[in-house]
$ cat entry.cif   # mmCIF, C-alpha atoms
data_final
#
loop_
_atom_site.label_atom_id
_atom_site.label_comp_id
_atom_site.auth_asym_id
_atom_site.auth_seq_id
_atom_site.Cartn_x
_atom_site.Cartn_y
_atom_site.Cartn_z
CA MET B 8 79.17 99.38 87.29
CA LYS B 9 78.14 96.75 89.83
CA LEU B 10 74.87 94.89 89.21
CA SER B 11 73.52 96.16 92.53
CA GLU B 12 74.00 99.74 91.32
CA LEU B 13 72.29 99.41 87.92
CA ARG B 14 69.10 101.40 87.43
CA PHE B 15 66.66 99.54 85.24
CA ALA B 16 63.20 99.57 83.68
CA ILE B 17 60.93 96.90 82.19
CA VAL B 18 58.68 96.84 79.13
CA GLU B 19 56.47 93.74 79.28
CA ASP B 20 52.72 93.36 78.67
CA ARG B 21 52.15 90.39 80.99
CA HIS B 22 52.17 91.03 84.74
CA ASP B 23 53.15 87.44 85.58
CA ALA B 24 56.12 87.75 83.22
CA ILE B 25 57.18 90.96 84.99
CA GLU B 26 57.11 89.18 88.34
CA ASN B 27 59.15 86.26 86.98
CA LEU B 28 61.67 88.69 85.51
CA LEU B 29 62.02 90.54 88.82
CA VAL B 30 62.75 87.27 90.64
CA VAL B 31 65.55 86.44 88.20
CA ILE B 32 66.91 90.00 88.28
CA LYS B 33 67.06 89.96 92.06
CA GLY B 34 68.69 86.54 92.09
CA ALA B 35 71.36 87.80 89.69
CA GLY B 36 72.34 90.52 92.16
CA MET B 37 70.35 93.57 91.04
CA SER B 38 68.46 95.76 93.50
CA LEU B 39 64.71 95.93 92.93
CA GLY B 40 64.79 99.32 94.61
CA HIS B 41 66.56 100.64 91.50
CA CYS B 42 63.62 99.87 89.23
CA VAL B 43 62.78 103.15 87.50
CA GLY B 44 59.62 102.06 85.69
CA LYS B 45 57.44 99.20 84.42
CA TRP B 46 55.40 99.69 81.26
CA THR B 47 52.99 97.25 79.66
CA ASP B 48 52.40 98.84 76.24
CA PHE B 49 54.14 100.93 73.60
CA ASP B 50 52.53 104.28 74.41
CA GLY B 51 53.36 103.99 78.10
CA ALA B 52 56.91 102.87 77.37
CA ARG B 53 57.56 105.66 74.90
CA ALA B 54 56.35 108.33 77.33
CA GLY B 55 58.16 106.78 80.29
CA LEU B 56 61.46 106.35 78.47
CA ASP B 57 61.30 109.87 77.10
CA ALA B 58 60.86 111.27 80.62
CA LYS B 59 63.33 109.00 82.46
CA CYS B 60 65.97 108.09 79.87
CA ARG B 61 68.77 109.72 81.90
CA ASP B 62 67.87 107.60 84.92
CA ILE B 63 67.92 104.19 83.18
CA ASP B 64 71.08 102.18 82.68
CA LEU B 65 69.45 98.98 81.45
CA LEU B 66 66.07 98.30 79.84
CA PHE B 67 64.54 94.81 79.81
CA LEU B 68 62.43 94.83 76.66
CA ASP B 69 59.80 92.39 75.46
CA LEU B 70 59.51 93.06 71.74
CA ASN B 71 55.99 91.73 71.28
CA ILE B 72 53.86 94.38 73.01
CA PRO B 73 50.50 96.12 72.30
CA LEU B 74 50.16 99.73 71.23
CA ASN B 75 48.07 100.69 74.27
CA ALA B 76 45.68 99.25 76.84
CA ASN B 77 42.92 98.92 74.22
CA ASP B 78 45.06 97.03 71.71
CA SER B 79 44.52 93.25 71.71
CA LYS B 80 47.14 92.44 69.04
CA PRO B 81 50.73 92.79 70.28
CA THR B 82 53.38 93.08 67.57
CA LYS B 83 57.18 93.15 67.47
CA ASP B 84 57.00 96.31 65.36
CA HIS B 85 56.33 98.20 68.59
CA GLY B 86 59.44 96.69 70.20
CA ARG B 87 61.48 97.58 67.13
CA THR B 88 60.24 101.17 67.32
CA ILE B 89 61.39 101.39 70.93
CA LEU B 90 64.85 100.18 69.90
CA ASP B 91 64.92 102.82 67.16
CA LEU B 92 63.84 105.47 69.68
CA ILE B 93 66.69 104.59 72.04
CA LEU B 94 69.30 104.26 69.30
CA ASN B 95 68.44 107.34 67.25
CA ASP B 96 67.00 109.73 69.84
CA LEU B 97 67.32 109.02 73.56
CA ASN B 98 70.97 107.96 73.48
CA ARG B 99 71.91 111.05 71.50
CA ARG B 100 70.60 113.54 74.02
CA GLY B 101 73.69 113.55 76.20
CA PRO B 102 76.55 111.49 77.61
CA HIS B 103 74.32 108.98 79.41
CA LYS B 104 73.56 105.90 77.28
CA MET B 105 70.90 103.27 77.87
CA SER B 106 71.52 99.59 77.13
CA VAL B 107 68.90 96.97 76.33
CA VAL B 108 68.42 93.31 77.15
CA ILE B 109 65.75 91.77 74.91
CA VAL B 110 63.57 89.32 76.85
CA SER B 111 61.37 87.39 74.48
CA GLY B 112 59.43 84.17 74.16
CA GLU B 113 59.14 84.35 70.39
CA VAL B 114 62.46 84.77 68.66
CA ASN B 115 63.56 82.77 65.64
CA GLU B 116 67.09 81.63 66.50
CA ASN B 117 68.37 81.60 62.91
CA TYR B 118 66.99 84.92 61.71
CA GLU B 119 65.82 87.24 64.44
CA ARG B 120 68.80 86.80 66.72
CA ASN B 121 71.01 88.18 63.96
CA LEU B 122 68.47 90.93 63.28
CA TRP B 123 68.23 92.25 66.82
CA LEU B 124 71.81 91.63 67.88
CA GLY B 125 73.16 92.84 64.54
CA ASN B 126 71.18 95.94 63.60
CA TYR B 127 70.98 97.14 67.20
CA LYS B 128 74.42 96.03 68.36
CA ALA B 129 75.18 99.52 69.65
CA ILE B 130 72.53 99.22 72.38
CA VAL B 131 71.48 95.56 72.71
CA VAL B 132 73.82 93.71 75.09
CA GLY B 133 71.98 90.39 75.06
CA LEU B 134 68.90 88.38 74.17
CA ALA B 135 67.30 86.05 76.73
CA MET B 136 64.52 83.62 75.86
CA LYS B 137 61.76 83.59 78.48
CA GLY B 138 62.01 79.83 78.78
CA GLN B 139 65.70 80.10 79.65
CA LEU B 140 65.69 83.21 81.85
CA THR B 141 67.17 81.62 84.96
CA THR B 142 70.35 80.62 83.10
CA ALA B 143 70.64 83.06 80.20
CA LEU B 144 69.81 86.35 81.94
CA PRO B 145 72.34 86.15 84.84
CA GLU B 146 75.05 85.31 82.31
CA ILE B 147 74.14 88.37 80.20
CA LEU B 148 74.03 90.62 83.26
CA ASN B 149 77.36 89.41 84.61
CA ARG B 150 79.01 89.92 81.23
CA TYR B 151 77.53 93.41 80.99
CA SER B 152 78.58 94.49 84.47
CA GLU B 153 82.03 92.89 84.46
CA ASP B 154 83.35 94.93 81.53
CA PRO B 155 84.00 98.50 82.68
CA TYR B 156 85.20 99.52 79.23
CA THR B 157 81.73 99.22 77.72
CA GLY B 158 80.33 101.85 80.06
CA GLU B 159 83.27 104.21 79.54
CA ILE B 160 83.12 103.91 75.77
CA ARG B 161 79.37 104.37 75.73
CA ALA B 162 79.65 107.52 77.83
CA ASP B 163 82.74 109.11 76.27
CA TRP B 164 83.23 107.67 72.78
CA SER B 165 79.95 106.25 71.50
CA ALA B 166 81.21 105.97 67.90
CA ALA B 167 83.53 103.15 68.99
CA GLU B 168 81.00 101.15 71.00
CA PRO B 169 79.61 98.94 68.18
CA TYR B 170 83.14 97.88 67.25
CA TYR B 171 84.13 97.16 70.84
CA GLN B 172 81.00 95.06 71.32
CA THR B 173 81.77 93.04 68.19
CA LEU B 174 85.37 92.53 69.27
CA THR B 175 84.33 91.21 72.70
CA ASP B 176 81.43 89.06 71.42
CA GLU B 177 82.71 85.48 71.42
CA GLU B 178 79.83 84.38 69.18
CA GLU B 179 81.18 86.51 66.34
CA THR B 180 83.70 85.11 63.85
CA ALA B 181 87.39 85.91 64.14
CA GLU B 182 87.16 87.80 60.85
CA SER B 183 84.37 90.05 62.19
CA ARG B 184 86.09 90.56 65.53
CA SER B 185 89.48 91.38 64.03
CA LEU B 186 87.87 93.80 61.57
CA ALA B 187 86.07 95.55 64.44
CA CYS B 188 89.37 95.76 66.31
CA LEU B 189 91.10 97.27 63.28
CA THR B 190 88.27 99.77 62.73
CA LEU B 191 88.30 100.87 66.37
CA SER B 192 92.06 101.39 66.16
CA CYS B 193 91.68 103.49 63.02
CA LEU B 194 89.02 105.65 64.69
CA LEU B 195 91.38 106.21 67.60
CA MET B 196 94.36 107.12 65.40
CA ARG B 197 92.28 109.48 63.22
CA ASN B 198 91.07 111.33 66.31
CA ILE B 199 94.66 111.78 67.46
CA ALA B 200 95.78 112.89 63.99
CA GLN B 201 92.92 115.39 63.71
CA TYR B 202 93.75 116.91 67.08
CA GLU B 203 97.53 117.04 66.56
CA GLN B 204 97.14 118.65 63.13
CA LYS B 205 94.23 120.87 64.26
CA LEU B 206 92.10 119.77 61.31
CA PRO B 207 88.49 121.03 61.09
CA ASP B 208 87.31 117.53 60.13
CA GLN B 209 88.65 114.09 59.20
CA THR B 210 88.06 114.29 55.45
CA GLY B 211 91.72 113.81 54.62
CA LEU B 212 92.12 111.00 57.14
CA SER B 213 89.11 108.79 56.42
CA GLY B 214 90.73 106.66 53.74
CA LYS B 215 94.01 105.99 55.53
CA GLN B 216 94.84 102.52 56.81
CA LEU B 217 96.12 101.75 60.31
CA SER B 218 99.71 101.19 59.19
CA ASP B 219 99.76 104.63 57.52
CA LEU B 220 98.20 106.30 60.56
CA ILE B 221 100.82 104.77 62.88
CA ARG B 222 103.70 105.78 60.62
CA GLU B 223 102.40 109.35 60.33
CA TYR B 224 101.89 109.56 64.09
CA LEU B 225 105.52 108.61 64.69
CA ALA B 226 106.73 111.08 62.07
CA ARG B 227 104.75 113.91 63.73
CA ASN B 228 106.01 113.18 67.23
CA PHE B 229 109.55 111.78 66.85
CA ASN B 230 112.69 112.62 64.93
CA PRO B 231 114.32 109.78 62.98
CA ILE B 232 117.01 107.96 64.97
CA LYS B 233 119.17 108.02 61.83
CA ALA B 234 119.09 110.69 59.15
CA GLY B 235 116.62 109.68 56.48
CA GLY B 236 115.49 106.65 58.49
CA PRO B 237 112.10 105.83 60.02
CA SER B 238 110.89 107.34 63.29
CA PHE B 239 110.49 105.19 66.38
CA CYS B 240 108.72 105.62 69.71
CA ASN B 241 111.87 106.74 71.56
CA LEU B 242 111.84 109.51 74.19
CA LYS B 243 115.36 110.60 73.20
CA PHE B 244 114.01 111.67 69.82
CA LEU B 245 110.68 113.18 70.94
CA LYS B 246 109.96 116.37 68.97
CA GLY B 247 107.72 118.17 71.43
CA SER B 248 106.71 118.11 75.07
CA ALA B 249 106.24 114.75 76.76
CA GLY B 250 102.89 116.07 77.97
CA ASP B 251 101.64 116.17 74.38
CA TRP B 252 102.63 112.59 73.65
CA VAL B 253 99.35 110.65 73.47
CA LEU B 254 100.39 107.06 72.69
CA ARG B 255 103.29 105.89 74.79
CA GLY B 256 105.69 102.98 74.99
CA TYR B 257 104.51 99.61 73.78
CA LEU B 258 101.02 100.93 72.91
CA ILE B 259 102.42 101.63 69.47
CA GLU B 260 103.55 98.00 69.26
CA HIS B 261 100.01 97.00 70.26
CA LEU B 262 98.64 98.85 67.24
CA TYR B 263 101.17 97.22 64.94
CA ALA B 264 100.14 93.84 66.40
CA ILE B 265 96.46 94.56 65.74
CA ASN B 266 97.27 95.33 62.11
CA ASN B 267 99.40 92.20 61.71
CA PHE B 268 96.94 89.87 63.46
CA ARG B 269 94.12 91.17 61.28
CA ASN B 270 96.12 90.46 58.14
CA GLY B 271 96.94 86.99 59.40
CA ILE B 272 93.30 86.17 60.11
CA ILE B 273 91.89 87.30 56.77
CA HIS B 274 94.65 85.50 54.84
CA ILE B 275 94.67 82.33 56.93
CA SER B 276 93.50 80.19 53.98
CA ASP B 277 96.45 81.47 51.94
CA THR B 278 99.18 81.53 54.54
CA GLY B 279 98.41 78.55 56.71
CA PRO B 280 100.09 78.58 59.12
CA PHE B 281 98.62 75.21 60.04
CA HIS B 282 98.07 73.53 56.68
CA ASP B 283 99.78 73.25 53.32
CA GLY B 284 96.89 74.58 51.22
CA ALA B 285 95.72 71.10 50.30
CA GLY B 286 94.14 70.08 53.59
CA HIS B 287 97.24 68.39 55.03
CA TYR B 288 98.25 69.51 58.50
CA GLY B 289 101.81 68.28 58.84
CA THR B 290 103.26 64.83 59.37
CA TRP B 291 103.61 65.30 63.15
CA GLY B 292 99.92 66.16 63.72
CA ASP B 293 97.66 63.55 65.35
CA GLY B 294 94.31 65.29 64.97
CA LYS B 295 92.45 68.25 63.56
CA VAL B 296 90.88 69.48 66.80
CA PRO B 297 93.81 71.66 67.96
CA VAL B 298 94.33 72.87 64.40
CA GLU B 299 90.68 73.82 63.97
CA ARG B 300 90.77 75.65 67.29
CA LEU B 301 93.78 77.63 66.11
CA GLU B 302 92.23 78.34 62.72
CA ASN B 303 89.06 79.60 64.42
CA ALA B 304 91.39 82.09 66.16
CA ASP B 305 89.29 82.23 69.33
CA ARG B 306 92.27 82.67 71.62
CA LEU B 307 93.85 85.13 69.23
CA CYS B 308 90.72 87.28 69.51
CA ARG B 309 91.00 87.16 73.30
CA ILE B 310 94.53 88.49 72.89
CA LEU B 311 93.16 91.30 70.70
CA VAL B 312 90.64 92.20 73.42
CA MET B 313 93.42 92.53 76.00
CA ILE B 314 95.56 94.54 73.61
CA VAL B 315 92.70 96.96 72.91
CA GLN B 316 91.96 97.31 76.63
CA ASP B 317 95.60 98.25 77.25
CA VAL B 318 95.34 100.96 74.60
CA LEU B 319 91.97 102.17 75.92
CA ASP B 320 93.35 102.54 79.45
CA TRP B 321 95.57 105.32 78.13
CA TYR B 322 93.44 106.67 75.28
CA LEU B 323 90.01 107.08 76.92
CA PRO B 324 91.12 109.63 79.56
CA TRP B 325 92.79 111.66 76.79
CA HIS B 326 89.65 111.43 74.65
CA ARG B 327 87.48 112.57 77.55
CA LYS B 328 89.71 115.37 78.84
CA VAL B 329 91.39 116.64 75.67
CA TYR B 330 89.83 115.53 72.39
CA ALA B 331 86.11 115.76 73.24
CA PRO B 332 86.30 119.31 74.71
CA TRP B 333 88.40 120.42 71.73
CA ILE B 334 85.86 119.00 69.24
CA LYS B 335 83.06 120.72 71.15
CA THR B 336 84.88 124.05 70.94
CA LEU B 337 85.66 123.45 67.28
CA SER B 338 81.99 122.75 66.49
CA ALA B 339 80.86 125.82 68.41
CA SER B 340 83.33 128.00 66.50
CA ALA B 341 82.17 126.57 63.18
CA GLY B 342 78.56 127.23 64.09
CA ALA B 343 79.33 130.81 65.07
CA THR B 344 80.92 131.58 61.70
CA LYS B 345 77.95 130.37 59.64
#

$ encode --input "entry.cif" --output "structure tokens"
Amino acid sequence: MKLSELRFAIVEDRHDAIENLLVVIKGAGMSLGHCVGKWTDFDGARAGLDAKCRDIDLLFLDLNIPLNANDSKPTKDHGRTILDLILNDLNRRGPHKMSVVIVSGEVNENYERNLWLGNYKAIVVGLAMKGQLTTALPEILNRYSEDPYTGEIRADWSAAEPYYQTLTDEEETAESRSLACLTLSCLLMRNIAQYEQKLPDQTGLSGKQLSDLIREYLARNFNPIKAGGPSFCNLKFLKGSAGDWVLRGYLIEHLYAINNFRNGIIHISDTGPFHDGAGHYGTWGDGKVPVERLENADRLCRILVMIVQDVLDWYLPWHRKVYAPWIKTLSASAGATK
């Protein structure tokens, strides 16, 4: 969604801070006419968010707010409660999901940043210090609006959103990002397996690894090219209708690559490939900078992001049009038999 189309609300107890925030928001490209509400205390915010949650795309939240107009002691506990309300209640009421940008003047960089961006990763898309609003907030907003996959996942497949956010967060380690990528891929493959096998739940699938899920997918959908041999993603050996074939072409190779890259990242200290296990980087190397960049795997994680986005381009429409309606029918049938 374009910045100019985002509907937003503000929770901030100081009126001058609200005005400063609006100036930065407008300068970043948002329309002030799309402001849904401004609340200066917890009670007002809770009531306003409860009533207008379906109309708010993005909430700018100051954590340190008073309980009500008569409260002279603001506390971050009230901001935390609002985050809990959005995460555990408002965003579970329907397909529309609200995101949050924390705007604070009192955040401990070493502890609280990890707390808010970690525990509330599913809804918090950024944290901007009030003293750095003019630079930090436009960057957060541009990143949020430029990625169309975040909005689609939030609306259609909310279970995958925390993992997609971790994968695309360049401040996370390669180990965390590759694990999130692997987990998202497993969620995707288990959904496909559940649907294709018409299973009432995923109990029998939850412990399976990505490599097993890929192999079983191929076995369900393709005949072996040679008798007794493995199955491959080849239309000549497709078992059923092409219309039922969910993952197509090189998307299967993408999933294999995700599995292999993940293994390479977590075993990098054992396998190299850049050192000999004793801190030596090869007789032809002139410096450690390129090697350290490779070992940090930053560019490899960017490759993983593009691979996942390729897979999502094909999977998300299927999830929205086929899997989600089927699960809804399945749940309704189960409820009717109780």

$ resolve_selection --input "entry.cif" --expression "the PyMOL selection byres ((chain B and resi 24-29) around 10)" --output "ChimeraX atom specification"
/B:17-23,30-35,37-39,42,45-47,67,69,110,137,140-141,144

$ write_last_selection --input "entry.cif" --atoms "C-alpha atoms" --output "PDB file, keeping the file's coordinate frame"
ATOM      1  CA  ILE B  17      60.930  96.900  82.190  1.00  0.00           C
ATOM      2  CA  VAL B  18      58.680  96.840  79.130  1.00  0.00           C
ATOM      3  CA  GLU B  19      56.470  93.740  79.280  1.00  0.00           C
ATOM      4  CA  ASP B  20      52.720  93.360  78.670  1.00  0.00           C
ATOM      5  CA  ARG B  21      52.150  90.390  80.990  1.00  0.00           C
ATOM      6  CA  HIS B  22      52.170  91.030  84.740  1.00  0.00           C
ATOM      7  CA  ASP B  23      53.150  87.440  85.580  1.00  0.00           C
ATOM      8  CA  VAL B  30      62.750  87.270  90.640  1.00  0.00           C
ATOM      9  CA  VAL B  31      65.550  86.440  88.200  1.00  0.00           C
ATOM     10  CA  ILE B  32      66.910  90.000  88.280  1.00  0.00           C
ATOM     11  CA  LYS B  33      67.060  89.960  92.060  1.00  0.00           C
ATOM     12  CA  GLY B  34      68.690  86.540  92.090  1.00  0.00           C
ATOM     13  CA  ALA B  35      71.360  87.800  89.690  1.00  0.00           C
ATOM     14  CA  MET B  37      70.350  93.570  91.040  1.00  0.00           C
ATOM     15  CA  SER B  38      68.460  95.760  93.500  1.00  0.00           C
ATOM     16  CA  LEU B  39      64.710  95.930  92.930  1.00  0.00           C
ATOM     17  CA  CYS B  42      63.620  99.870  89.230  1.00  0.00           C
ATOM     18  CA  LYS B  45      57.440  99.200  84.420  1.00  0.00           C
ATOM     19  CA  TRP B  46      55.400  99.690  81.260  1.00  0.00           C
ATOM     20  CA  THR B  47      52.990  97.250  79.660  1.00  0.00           C
ATOM     21  CA  PHE B  67      64.540  94.810  79.810  1.00  0.00           C
ATOM     22  CA  ASP B  69      59.800  92.390  75.460  1.00  0.00           C
ATOM     23  CA  VAL B 110      63.570  89.320  76.850  1.00  0.00           C
ATOM     24  CA  LYS B 137      61.760  83.590  78.480  1.00  0.00           C
ATOM     25  CA  LEU B 140      65.690  83.210  81.850  1.00  0.00           C
ATOM     26  CA  THR B 141      67.170  81.620  84.960  1.00  0.00           C
ATOM     27  CA  LEU B 144      69.810  86.350  81.940  1.00  0.00           C
TER      28      LEU B 144
END

$ resolve_selection --input "entry.cif" --expression "the PyMOL selection byres ((chain B and resi 264) around 12)" --output "NGL selection string"
:B and (185 or 188-189 or 192 or 217-218 or 221 or 257-263 or 265-271 or 307-308 or 310-315 or 318)

$ residues_around --input "entry.cif" --residues "Trp321 of chain B" --least-positions-apart "5" --cutoff "9 Å" --atoms "all atoms listed in the file" --output "list in words"
Val253, Leu254, Arg255, Leu258 and Gln316 of chain B

$ atom_distance --input "entry.cif" --atom1 "atom CA of Ile147 of chain B" --atom2 "atom CA of His326 of chain B"
28.3 Å

$ closest_residue --input "entry.cif" --among "B:Ala54, B:Leu10, B:Arg61, B:Leu148" --to "His41 of chain B" --atoms "all atoms listed in the file"
B:Leu10

$ atom_distance --input "entry.cif" --atom1 "atom CA of Leu186 of chain B" --atom2 "atom CA of Asn303 of chain B"
14.5 Å

$ closest_residue --input "entry.cif" --among "B:Cys60, B:Arg306, B:Pro102, B:Asn95" --to "Asp163 of chain B" --atoms "all atoms listed in the file"
B:Pro102

$ residues_near_point --input "entry.cif" --point "(81.9, 105.2, 71.8)" --cutoff "12 Å" --atoms "all atoms listed in the file" --output "count of residues only"
32

$ atom_distance --input "entry.cif" --atom1 "atom CA of Trp123 of chain B" --atom2 "atom CA of Asp84 of chain B"
12.0 Å

$ axis_aligned_box --input "entry.cif" --around "segment 138-142 of chain B" --padding-each-side "5 Å" --output "AutoDock Vina command-line options"
--center_x 66.2 --center_y 81.5 --center_z 81.9 --size_x 18.3 --size_y 13.4 --size_z 16.2

$ closest_residue --input "entry.cif" --among "B:Pro324, B:Asp78, B:Asn126, B:Asn228" --to "Gln204 of chain B" --atoms "all atoms listed in the file"
B:Asn228

$ resolve_selection --input "entry.cif" --expression "the PyMOL selection byres ((chain B and resi 85-91) around 9)" --output "PyMOL selection string"
chain B and resi 18+48-49+52-53+68-74+81-84+92-96+107+123+127+130-131

$ closest_residue --input "entry.cif" --among "B:Ile272, B:Leu206, B:Met196, B:Ala341" --to "Arg222 of chain B" --atoms "all atoms listed in the file"
B:Met196

$ residues_around --input "entry.cif" --residues "Ala304 of chain B" --least-positions-apart "4" --cutoff "9 Å" --atoms "all atoms listed in the file" --output "CSV table (one decimal) with C-alpha atoms, in the frame of the given file"
chain,number,residue,atom,x,y,z
B,180,THR,CA,83.7,85.1,63.8
B,181,ALA,CA,87.4,85.9,64.1
B,182,GLU,CA,87.2,87.8,60.8
B,272,ILE,CA,93.3,86.2,60.1
B,299,GLU,CA,90.7,73.8,64.0
B,300,ARG,CA,90.8,75.6,67.3
B,308,CYS,CA,90.7,87.3,69.5
B,309,ARG,CA,91.0,87.2,73.3

$ closest_residue --input "entry.cif" --among "B:Lys233, B:Leu225, B:Glu302, B:Ile199" --to "Tyr330 of chain B" --atoms "all atoms listed in the file"
B:Ile199

$ closest_residue --input "entry.cif" --among "B:Pro207, B:Pro145, B:Gly51, B:Gly101" --to "Ser340 of chain B" --atoms "only C-alpha atoms"
B:Pro207

$ residues_around --input "entry.cif" --residues "Arg184 of chain B" --least-positions-apart "6" --cutoff "8 Å" --atoms "only C-alpha atoms" --output "list in words"
Thr173, Leu174, Thr175, Asp176 and Cys308 of chain B

$ residues_around --input "entry.cif" --residues "Phe239 of chain B" --least-positions-apart "4" --cutoff "9 Å" --atoms "all atoms listed in the file" --output "PyMOL selection string"
chain B and resi 222+225-226+229-232+244

$ decode --input "entry.cif" --residues "segment 65-134 of chain B" --atoms "C-alpha atoms" --output "compact mmCIF listing (two decimals), in the first residue's frame"
# COMPACT_ATOMS: atom_id res chain seq x y z
CA LEU B 65 -0.73 1.86 11.16
CA LEU B 66 -0.63 3.04 14.77
CA PHE B 67 2.05 5.44 16.03
CA LEU B 68 2.40 4.51 19.69
CA ASP B 69 4.18 6.29 22.51
CA LEU B 70 4.67 3.62 25.16
CA ASN B 71 4.95 5.95 28.14
CA ILE B 72 1.37 7.22 28.55
CA PRO B 73 -0.98 7.95 31.51
CA LEU B 74 -3.99 5.83 32.39
CA ASN B 75 -6.44 8.71 31.95
CA ALA B 76 -6.68 12.50 32.08
CA ASN B 77 -6.40 12.47 35.89
CA ASP B 78 -3.26 10.33 35.97
CA SER B 79 -0.01 12.29 36.46
CA LYS B 80 2.34 9.28 36.26
CA PRO B 81 2.72 7.89 32.74
CA THR B 82 4.12 4.36 32.52
CA LYS B 83 5.23 2.03 29.73
CA ASP B 84 3.00 -0.68 31.18
CA HIS B 85 0.08 1.09 29.52
CA GLY B 86 1.87 1.03 26.15
CA ARG B 87 2.65 -2.65 26.61
CA THR B 88 -1.01 -3.36 27.34
CA ILE B 89 -2.01 -1.66 24.10
CA LEU B 90 0.45 -3.86 22.20
CA ASP B 91 -1.04 -6.93 23.89
CA LEU B 92 -4.54 -5.73 22.99
CA ILE B 93 -3.64 -5.40 19.31
CA LEU B 94 -1.69 -8.65 19.15
CA ASN B 95 -4.07 -10.90 21.08
CA ASP B 96 -7.47 -9.33 20.42
CA LEU B 97 -7.92 -6.66 17.74
CA ASN B 98 -5.83 -8.39 15.06
CA ARG B 99 -7.70 -11.64 15.60
CA ARG B 100 -11.14 -10.24 14.87
CA GLY B 101 -10.90 -10.57 11.11
CA PRO B 102 -8.63 -10.37 8.08
CA HIS B 103 -7.61 -6.74 8.63
CA LYS B 104 -4.40 -6.41 10.66
CA MET B 105 -3.02 -3.30 12.33
CA SER B 106 0.71 -2.57 12.44
CA VAL B 107 2.53 -0.43 14.99
CA VAL B 108 5.42 2.01 14.89
CA ILE B 109 6.71 2.70 18.40
CA VAL B 110 7.64 6.38 18.82
CA SER B 111 9.46 6.89 22.08
CA GLY B 112 11.87 9.21 23.82
CA GLU B 113 12.82 6.73 26.51
CA VAL B 114 13.99 3.41 25.14
CA ASN B 115 17.08 1.58 26.34
CA GLU B 116 18.90 0.59 23.14
CA ASN B 117 20.44 -2.59 24.54
CA TYR B 118 17.42 -4.05 26.30
CA GLU B 119 14.11 -2.52 25.33
CA ARG B 120 14.68 -2.51 21.60
CA ASN B 121 14.98 -6.29 21.72
CA LEU B 122 11.96 -6.47 24.02
CA TRP B 123 9.57 -4.48 21.85
CA LEU B 124 10.88 -5.58 18.46
CA GLY B 125 11.26 -9.19 19.63
CA ASN B 126 8.17 -10.02 21.67
CA TYR B 127 5.89 -7.97 19.42
CA LYS B 128 7.55 -8.70 16.09
CA ALA B 129 4.24 -9.79 14.60
CA ILE B 130 2.85 -6.25 14.80
CA VAL B 131 5.72 -3.80 15.46
CA VAL B 132 7.33 -2.74 12.17
CA GLY B 133 9.78 -0.24 13.64
CA LEU B 134 10.95 1.83 16.59
